[in-house]
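Enquirer: Provided below: my_file.txt, containing compact mmCIF, C-alpha atoms.
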```
# COMPACT_ATOMS: atom_id res chain seq x y z
CA MET Z 1 -61.55 -142.14 36.06
CA ASP Z 2 -59.29 -143.53 33.30
CA THR Z 3 -56.61 -140.87 32.88
CA THR Z 4 -56.57 -141.52 29.14
CA ASP Z 5 -60.24 -140.55 29.01
CA THR Z 6 -60.17 -136.78 28.57
CA MET Z 7 -62.62 -134.26 27.19
CA ARG Z 8 -60.55 -134.02 24.04
CA SER Z 9 -60.31 -137.81 23.59
CA ARG Z 10 -64.12 -137.90 23.74
CA PHE Z 11 -64.53 -135.16 21.16
CA ALA Z 12 -63.76 -137.05 17.94
CA PRO Z 13 -65.77 -140.21 18.79
CA THR Z 14 -68.74 -138.09 19.82
CA MET Z 15 -68.55 -135.99 16.68
CA THR Z 16 -68.21 -139.11 14.53
CA LYS Z 17 -71.51 -140.37 15.97
CA LEU Z 18 -73.13 -136.98 15.34
CA LEU Z 19 -71.88 -136.98 11.75
CA ASP Z 20 -73.44 -140.44 11.32
CA GLU Z 21 -76.72 -139.30 12.86
CA ASP Z 22 -77.24 -135.96 11.13
CA PRO Z 23 -76.36 -135.18 7.49
CA LEU Z 24 -76.33 -131.45 8.26
CA VAL Z 25 -73.48 -131.69 10.77
CA ALA Z 26 -69.97 -130.85 9.56
CA VAL Z 27 -66.57 -130.62 11.26
CA VAL Z 28 -64.02 -127.97 10.29
CA LEU Z 29 -60.41 -128.38 11.46
CA ALA Z 30 -57.12 -126.49 11.14
CA GLU Z 31 -54.64 -129.40 11.36
CA ILE Z 32 -55.12 -129.74 15.13
CA GLY Z 33 -56.93 -133.03 15.82
CA VAL Z 34 -57.00 -134.23 12.22
CA ALA Z 35 -55.59 -137.67 13.08
CA GLN Z 36 -58.50 -138.35 15.43
CA PHE Z 37 -60.96 -137.79 12.57
CA GLU Z 38 -59.45 -140.19 10.02
CA GLU Z 39 -62.32 -142.70 10.30
CA ALA Z 40 -64.94 -139.94 10.24
CA GLN Z 41 -63.33 -138.43 7.14
CA ARG Z 42 -63.41 -141.79 5.36
CA ARG Z 43 -67.12 -142.11 6.14
CA HIS Z 44 -68.03 -138.48 5.50
CA PRO Z 45 -65.37 -137.00 3.19
CA LEU Z 46 -67.44 -133.92 2.31
CA ARG Z 47 -68.29 -133.08 5.91
CA VAL Z 48 -64.89 -133.36 7.64
CA ILE Z 49 -62.87 -130.45 6.30
CA ASN Z 50 -59.26 -129.58 7.15
CA VAL Z 51 -58.30 -126.06 6.03
CA GLY Z 52 -54.68 -126.37 7.18
CA ILE Z 53 -52.97 -123.89 9.48
CA ARG Z 54 -55.31 -121.05 8.47
CA GLU Z 55 -57.33 -120.05 11.50
CA GLN Z 56 -59.10 -117.10 9.86
CA LEU Z 57 -60.19 -119.41 7.05
CA LEU Z 58 -61.27 -121.95 9.66
CA ILE Z 59 -63.93 -119.55 10.94
CA GLY Z 60 -64.84 -118.27 7.48
CA ALA Z 61 -65.34 -121.77 6.10
CA GLY Z 62 -67.48 -122.68 9.08
CA ALA Z 63 -69.59 -119.57 8.62
CA GLY Z 64 -70.04 -120.38 4.95
CA LEU Z 65 -71.30 -123.85 5.83
CA ALA Z 66 -73.70 -122.35 8.36
CA LEU Z 67 -75.12 -119.96 5.75
CA THR Z 68 -75.98 -122.97 3.55
CA GLY Z 69 -77.98 -124.57 6.37
CA MET Z 70 -75.27 -126.84 7.79
CA ARG Z 71 -74.40 -127.10 11.48
CA PRO Z 72 -70.61 -126.61 11.58
CA VAL Z 73 -68.49 -127.67 14.54
CA ILE Z 74 -65.19 -125.76 14.39
CA HIS Z 75 -62.21 -127.04 16.38
CA THR Z 76 -58.66 -126.09 17.34
CA PHE Z 77 -56.75 -124.81 20.38
CA ALA Z 78 -58.53 -121.98 22.20
CA SER Z 79 -55.85 -119.40 21.36
CA PHE Z 80 -56.24 -120.21 17.64
CA LEU Z 81 -60.03 -120.50 17.76
CA VAL Z 82 -61.07 -117.35 19.64
CA GLU Z 83 -58.08 -115.02 19.84
CA ARG Z 84 -56.25 -115.29 16.50
CA PRO Z 85 -59.36 -115.18 14.25
CA PHE Z 86 -61.43 -112.92 16.51
CA GLU Z 87 -62.35 -110.57 13.65
CA GLN Z 88 -63.83 -113.49 11.73
CA VAL Z 89 -65.71 -114.70 14.83
CA LYS Z 90 -67.11 -111.17 15.16
CA LEU Z 91 -68.00 -110.65 11.50
CA ASP Z 92 -68.31 -113.97 9.68
CA LEU Z 93 -70.36 -115.55 12.46
CA GLY Z 94 -71.75 -112.66 14.53
CA HIS Z 95 -72.45 -109.98 11.94
CA GLN Z 96 -73.83 -112.50 9.48
CA GLU Z 97 -75.90 -114.19 12.21
CA ALA Z 98 -74.40 -117.54 11.25
CA GLY Z 99 -74.74 -120.20 13.92
CA ALA Z 100 -71.83 -122.51 14.73
CA VAL Z 101 -70.29 -124.52 17.53
CA LEU Z 102 -66.73 -123.57 18.47
CA VAL Z 103 -64.97 -126.36 20.38
CA SER Z 104 -61.60 -125.51 21.87
CA ALA Z 105 -58.78 -127.45 23.48
CA ALA Z 106 -55.77 -126.52 25.66
CA ALA Z 107 -57.89 -124.21 27.91
CA SER Z 108 -55.95 -121.63 29.94
CA PHE Z 109 -52.68 -123.53 30.40
CA ASP Z 110 -53.24 -127.23 29.69
CA TRP Z 111 -50.01 -127.41 27.66
CA PRO Z 112 -47.51 -125.30 29.61
CA SER Z 113 -44.53 -126.40 27.49
CA GLY Z 114 -46.30 -124.95 24.45
CA GLY Z 115 -45.77 -121.49 25.90
CA PHE Z 116 -48.10 -118.50 25.97
CA THR Z 117 -48.97 -118.89 22.28
CA HIS Z 118 -50.90 -122.03 23.24
CA MET Z 119 -52.61 -120.61 26.33
CA SER Z 120 -55.90 -118.72 26.34
CA PRO Z 121 -57.05 -117.55 29.76
CA GLY Z 122 -58.90 -114.62 28.15
CA ASP Z 123 -61.06 -116.53 25.68
CA VAL Z 124 -64.38 -116.36 27.54
CA ALA Z 125 -63.86 -112.70 28.43
CA LEU Z 126 -63.15 -111.94 24.77
CA LEU Z 127 -66.31 -113.70 23.59
CA ASP Z 128 -68.17 -111.71 26.23
CA THR Z 129 -67.61 -108.60 24.11
CA LEU Z 130 -69.88 -110.12 21.43
CA ASP Z 131 -73.63 -110.60 21.47
CA GLY Z 132 -75.47 -113.88 21.63
CA TRP Z 133 -72.82 -116.47 22.49
CA ALA Z 134 -73.64 -119.38 24.77
CA VAL Z 135 -70.59 -120.66 26.66
CA GLN Z 136 -70.24 -124.20 28.03
CA VAL Z 137 -67.39 -125.13 30.40
CA PRO Z 138 -67.59 -128.83 31.24
CA GLY Z 139 -65.68 -130.23 34.19
CA HIS Z 140 -65.57 -133.90 33.18
CA PRO Z 141 -65.44 -135.88 29.90
CA ASP Z 142 -69.01 -137.19 30.42
CA GLU Z 143 -70.24 -133.61 30.82
CA ALA Z 144 -68.30 -132.54 27.74
CA GLU Z 145 -70.07 -135.17 25.66
CA THR Z 146 -73.47 -134.13 27.01
CA LEU Z 147 -72.86 -130.42 26.45
CA LEU Z 148 -71.44 -130.99 22.98
CA ARG Z 149 -74.59 -132.84 21.98
CA HIS Z 150 -76.70 -130.00 23.40
CA ALA Z 151 -74.63 -127.47 21.46
CA VAL Z 152 -74.88 -129.27 18.12
CA ALA Z 153 -78.63 -129.67 18.58
CA ALA Z 154 -79.09 -125.98 19.41
CA GLY Z 155 -80.43 -124.97 15.99
CA ASP Z 156 -78.49 -122.03 14.61
CA ASP Z 157 -77.25 -120.75 17.97
CA LYS Z 158 -73.64 -119.66 18.46
CA VAL Z 159 -72.09 -121.89 21.14
CA TYR Z 160 -68.57 -122.09 22.57
CA VAL Z 161 -67.63 -125.40 24.24
CA ARG Z 162 -64.38 -125.08 26.21
CA LEU Z 163 -62.60 -128.42 26.63
CA SER Z 164 -59.77 -129.08 29.08
CA ASP Z 165 -57.40 -131.92 29.88
CA GLN Z 166 -58.11 -131.19 33.55
CA SER Z 167 -61.12 -132.90 35.09
CA ASN Z 168 -63.12 -133.32 38.25
CA ALA Z 169 -63.19 -136.83 39.67
CA ARG Z 170 -66.80 -137.53 38.78
CA PRO Z 171 -69.43 -136.09 36.43
CA LEU Z 172 -72.64 -134.38 37.48
CA PRO Z 173 -75.97 -134.37 35.60
CA VAL Z 174 -75.55 -131.11 33.68
CA ASP Z 175 -78.35 -129.88 31.43
CA GLY Z 176 -76.77 -127.07 29.43
CA SER Z 177 -78.53 -124.28 31.30
CA ARG Z 178 -78.79 -124.32 35.12
CA PHE Z 179 -76.26 -124.13 37.94
CA LEU Z 180 -76.36 -127.21 40.18
CA THR Z 181 -76.46 -126.94 43.96
CA VAL Z 182 -73.71 -129.22 45.26
CA ARG Z 183 -73.61 -128.12 48.90
CA GLU Z 184 -75.88 -125.89 51.00
CA GLY Z 185 -74.85 -123.39 53.64
CA ARG Z 186 -75.93 -120.07 55.12
CA SER Z 187 -72.85 -117.83 55.10
CA GLY Z 188 -72.11 -117.16 51.46
CA VAL Z 189 -72.24 -118.62 47.95
CA VAL Z 190 -69.30 -120.03 46.02
CA VAL Z 191 -69.81 -120.65 42.30
CA ALA Z 192 -67.35 -123.24 40.96
CA VAL Z 193 -67.02 -123.24 37.19
CA GLY Z 194 -66.10 -126.41 35.30
CA THR Z 195 -62.86 -128.06 36.35
CA THR Z 196 -62.52 -125.98 39.53
CA LEU Z 197 -65.26 -127.89 41.38
CA ASP Z 198 -63.11 -130.49 43.15
CA ALA Z 199 -60.68 -127.84 44.41
CA VAL Z 200 -63.58 -125.65 45.57
CA LEU Z 201 -65.22 -128.52 47.44
CA ALA Z 202 -61.94 -129.32 49.17
CA ALA Z 203 -61.34 -125.63 49.92
CA THR Z 204 -64.78 -125.10 51.47
CA GLU Z 205 -64.92 -128.32 53.49
CA GLY Z 206 -66.33 -127.40 56.91
CA LEU Z 207 -67.32 -123.88 55.82
CA ASP Z 208 -70.99 -122.91 56.08
CA VAL Z 209 -71.36 -121.99 52.41
CA THR Z 210 -73.52 -122.95 49.46
CA VAL Z 211 -71.54 -124.30 46.51
CA LEU Z 212 -73.05 -123.98 43.04
CA TYR Z 213 -71.59 -125.83 40.07
CA ALA Z 214 -71.63 -123.98 36.75
CA THR Z 215 -70.89 -125.60 33.40
CA THR Z 216 -73.04 -123.14 31.46
CA VAL Z 217 -71.73 -119.63 32.15
CA ARG Z 218 -73.45 -117.81 29.28
CA PRO Z 219 -76.27 -117.22 29.53
CA PHE Z 220 -75.57 -116.74 33.23
CA ASP Z 221 -78.01 -118.51 35.54
CA THR Z 222 -79.38 -115.42 37.27
CA ALA Z 223 -82.33 -117.29 38.78
CA GLY Z 224 -80.08 -120.00 40.18
CA LEU Z 225 -77.72 -117.52 41.83
CA ARG Z 226 -80.56 -115.46 43.31
CA ALA Z 227 -82.24 -118.57 44.71
CA ALA Z 228 -78.99 -119.58 46.43
CA THR Z 229 -78.52 -116.14 47.98
CA GLU Z 230 -81.97 -116.25 49.58
CA ARG Z 231 -80.63 -118.81 52.05
CA ALA Z 232 -76.90 -118.14 52.04
CA GLY Z 233 -76.75 -114.35 51.78
CA THR Z 234 -75.35 -112.15 49.04
CA ASP Z 235 -71.61 -112.62 49.50
CA VAL Z 236 -70.64 -114.44 46.28
CA ALA Z 237 -67.25 -115.86 45.29
CA LEU Z 238 -66.79 -116.93 41.67
CA VAL Z 239 -64.03 -119.43 40.89
CA GLU Z 240 -63.38 -119.70 37.15
CA PRO Z 241 -60.68 -121.68 35.27
CA TYR Z 242 -59.96 -118.69 33.01
CA LEU Z 243 -59.40 -114.96 33.52
CA ALA Z 244 -60.28 -113.87 37.05
CA GLY Z 245 -63.32 -111.62 37.16
CA THR Z 246 -64.78 -112.75 33.84
CA SER Z 247 -68.23 -113.33 35.37
CA THR Z 248 -68.26 -110.76 38.16
CA GLY Z 249 -70.26 -108.39 35.95
CA ALA Z 250 -72.89 -111.06 35.31
CA ALA Z 251 -73.14 -111.82 39.03
CA ASN Z 252 -73.40 -108.13 39.86
CA ASP Z 253 -76.18 -107.73 37.31
CA ALA Z 254 -78.01 -110.72 38.78
CA LEU Z 255 -77.98 -109.09 42.23
CA SER Z 256 -78.22 -105.45 41.15
CA ASP Z 257 -81.28 -104.72 43.30
CA LEU Z 258 -79.66 -106.19 46.44
CA PRO Z 259 -76.74 -105.12 48.63
CA HIS Z 260 -74.04 -107.65 47.76
CA ARG Z 261 -70.32 -108.36 47.42
CA VAL Z 262 -68.67 -110.38 44.63
CA LEU Z 263 -65.16 -111.85 44.57
CA GLY Z 264 -63.72 -113.06 41.26
CA LEU Z 265 -61.03 -115.74 41.46
CA GLY Z 266 -59.35 -117.30 38.45
CA VAL Z 267 -56.31 -116.96 36.22
CA GLY Z 268 -54.43 -113.70 36.79
CA ARG Z 269 -53.43 -111.29 34.04
CA ARG Z 270 -49.72 -111.61 34.85
CA GLU Z 271 -48.04 -113.94 32.37
CA LEU Z 272 -46.12 -116.80 33.97
CA ARG Z 273 -43.05 -117.03 31.76
CA ARG Z 274 -41.67 -120.29 33.08
CA TYR Z 275 -43.31 -123.28 31.45
CA GLY Z 276 -43.63 -125.40 34.60
CA THR Z 277 -46.46 -127.91 35.01
CA VAL Z 278 -50.23 -127.58 35.03
CA GLU Z 279 -50.19 -128.06 38.80
CA GLU Z 280 -47.63 -125.28 39.22
CA HIS Z 281 -49.76 -122.93 37.14
CA ILE Z 282 -52.83 -123.80 39.22
CA ALA Z 283 -50.94 -123.00 42.42
CA ALA Z 284 -49.37 -119.82 41.02
CA HIS Z 285 -52.82 -118.47 40.14
CA GLY Z 286 -54.22 -119.38 43.57
CA LEU Z 287 -56.58 -122.03 42.23
CA ASP Z 288 -55.37 -124.93 44.38
CA ALA Z 289 -57.54 -125.95 47.34
CA GLY Z 290 -55.31 -124.35 49.99
CA SER Z 291 -55.10 -120.98 48.26
CA LEU Z 292 -58.82 -120.98 47.49
CA ARG Z 293 -59.66 -121.68 51.13
CA GLY Z 294 -57.57 -118.73 52.23
CA SER Z 295 -59.10 -116.36 49.66
CA ILE Z 296 -62.69 -117.47 50.23
CA SER Z 297 -62.39 -117.47 54.03
CA ALA Z 298 -60.86 -113.99 54.03
CA PHE Z 299 -63.58 -112.70 51.73
CA LEU Z 300 -66.40 -114.12 53.82
CA SER Z 301 -64.85 -112.68 56.97
CA GLY Z 302 -64.99 -109.23 55.39
CA ALA Z 303 -61.28 -108.88 54.74
CA ARG Z 304 -59.99 -107.42 51.50
CA VAL Z 305 -58.69 -110.20 49.23
CA PRO Z 306 -55.81 -109.24 46.90
CA VAL Z 307 -56.54 -110.57 43.42
CA ASP Z 308 -54.02 -110.52 40.58
CA VAL Z 309 -56.21 -109.27 37.74
```
Translate the structure of the given file into structure tokens.
Expert:
Amino acid sequence: MDTTDTMRSRFAPTMTKLLDEDPLVAVVLAEIGVAQFEEAQRRHPLRVINVGIREQLLIGAGAGLALTGMRPVIHTFASFLVERPFEQVKLDLGHQEAGAVLVSAAASFDWPSGGFTHMSPGDVALLDTLDGWAVQVPGHPDEAETLLRHAVAAGDDKVYVRLSDQSNARPLPVDGSRFLTVREGRSGVVVAVGTTLDAVLAATEGLDVTVLYATTVRPFDTAGLRAATERAGTDVALVEPYLAGTSTGAANDALSDLPHRVLGLGVGRRELRRYGTVEEHIAAHGLDAGSLRGSISAFLSGARVPVDV
């Protein structure tokens, strides 16, 4: 894959095409990413809106557009899109039942030198406290483009598309709803979310486990998980590129009528105060292939796995 081809580099060209195709689509920005939309703004000056560094207004303006019948796509870094204006996400969009597409960048720690202000490992868990949000977590730029198109076409639904500079080596044919079965086994199920897939596949090489690939985590694919457990048993490890344990409740609900165990792996709650590199953050949170193999193997053997949550 061309290393210059990232989910974020795909975002503006894809949105420019969608603006050309549909007069009801609008893009709302808060300085972040404005330069990538210069051509789109020239072509559609009334539908590419930059509110400046005003994240609460970013959500409010998007909600206002939605209430007029537009399909707003609202973009900035995850920490400024979900966390800082959370009250507006809850009220302006949720309470008013205004549909919008939130598209984030920077993920959990894609820009370590930006510090904790620019990191958002808790974004999906925070949205989980609200009703009715679909959450898409692509693992490759091709998947991001596909899922973004699905999200924009989803009527007046509320959709969160979580972009990352990290990527799996190759895309898979995601459809915006189901988990994909990537590998089949009989001694447990590992659900790899988004950009964790390559590390999970390397970690489980030679293990007799089923690996499911999830790019749509809300709504949670209950049917897909249950179908996998019929062959592989009800020991389930979830590997997510955001806060560890975010989806353990959903997995537990999916298997509530069955004896089961669920392990949640992901980004720990402990703040890493040294900037470091993305790779160092991955390793520190136990999301590299070697650490994942140790955690998953211990879990499947029945040992207690310490998880920093």
Enquirer: How many Å separate atom CA of Z:Pro121 from atom CA of Z:Ala237?
Expert: 18.7 Å
Enquirer: I'd like the neighbourhood of Z:Val27 as a list of chain:residue names, where a residue qualifies if any of its atoms comes within 6 Å (using only C-alpha atoms), though same-chain residues fewer than 6 positions away should be ignored.
Expert: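 Skipping anything fewer than 6 positions along the chain leaves Z:Val48, Z:Pro72, Z:Val73, Z:Ile74.
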Enquirer: Give me the residues near Z:Gly224 as an MDAnalysis selection string, where near means some atom within 7 Å (using only C-alpha atoms) and where sequence neighbours in that chain fewer than 4 positions away do not count.
Expert: chainID Z and resid 178:179 228
Enquirer: Mind giving me the straight-line distance from atom CA of Z:Ala100 to atom CA of Z:Ala154 in Å, one decimal?
Expert: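 The value is 9.3 Å.
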Enquirer: Atom CA of Z:Leu272 and atom CA of Z:Gly286, how far apart in Å?
Expert: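 Distance between the two atoms: 12.8 Å.
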Enquirer: Could you name the residues that touch Z:Gly233 at 7 Å or less, counting all atoms listed in the file, but leaving out those on the same chain fewer than 2 positions away, as a list in words?
Expert: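 The residues satisfying every condition are Arg186, Ser187, Gly188, Thr229, Glu230, Arg231 and Asp235 of chain Z.
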Enquirer: Could you check the closest approach to Z:Ala254 for each of Z:Ser297, Z:Thr216, Z:Ser164, Z:Thr222 and tell me which residue wins, using all atoms listed in the file?
Expert: Z:Thr222
Enquirer: Write out as an NGL selection string which residues come within 10 Å of Z:Ala153 when counting only C-alpha atoms, dropping same-chain ones fewer than 5 positions away.
Expert: :Z and (18 or 22 or 25 or 71 or 101 or 147-148)
Enquirer: Considering all atoms listed in the file, can you say which of Z:Asp142, Z:Glu184, Z:Asp288, Z:Asp253 comes closest to Z:Phe11?
Expert: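 The closest residue to Z:Phe11 is Z:Asp142.
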Enquirer: With all atoms listed in the file as the basis for distance, which of Z:Glu38, Z:Asp128, Z:Asp175, Z:Glu31 is at the shortest distance from Z:Val51?
Expert: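 The shortest atom-to-atom distance to Z:Val51 comes from Z:Glu31.
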Enquirer: Which protein, DNA or RNA residues are at most 8 Å from (-59.6, -124.3, 45.8) in the file's coordinates when you count all atoms listed in the file, listed as a list of chain:residue names?
Expert: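 Using all atoms listed in the file, the matching residues come out as Z:Thr196, Z:Asp198, Z:Ala199, Z:Val200, Z:Leu201, Z:Ala202, Z:Ala203, Z:Thr204, Z:Gly286, Z:Leu287, Z:Asp288, Z:Ala289, Z:Gly290, Z:Ser291, Z:Leu292, Z:Arg293.
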Enquirer: Between Z:Leu172, Z:Leu46, Z:Leu19, Z:Val239, which has the minimum distance to Z:Val152 (counting only C-alpha atoms)?
Expert: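 Ranked by minimum distance to Z:Val152, first place goes to Z:Leu19.
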Enquirer: Of the candidates Z:Ala61, Z:Met70, Z:Val103, Z:Ala12, which shows the shortest atom-to-atom distance to Z:Ala26, using only C-alpha atoms?
Expert: Z:Met70
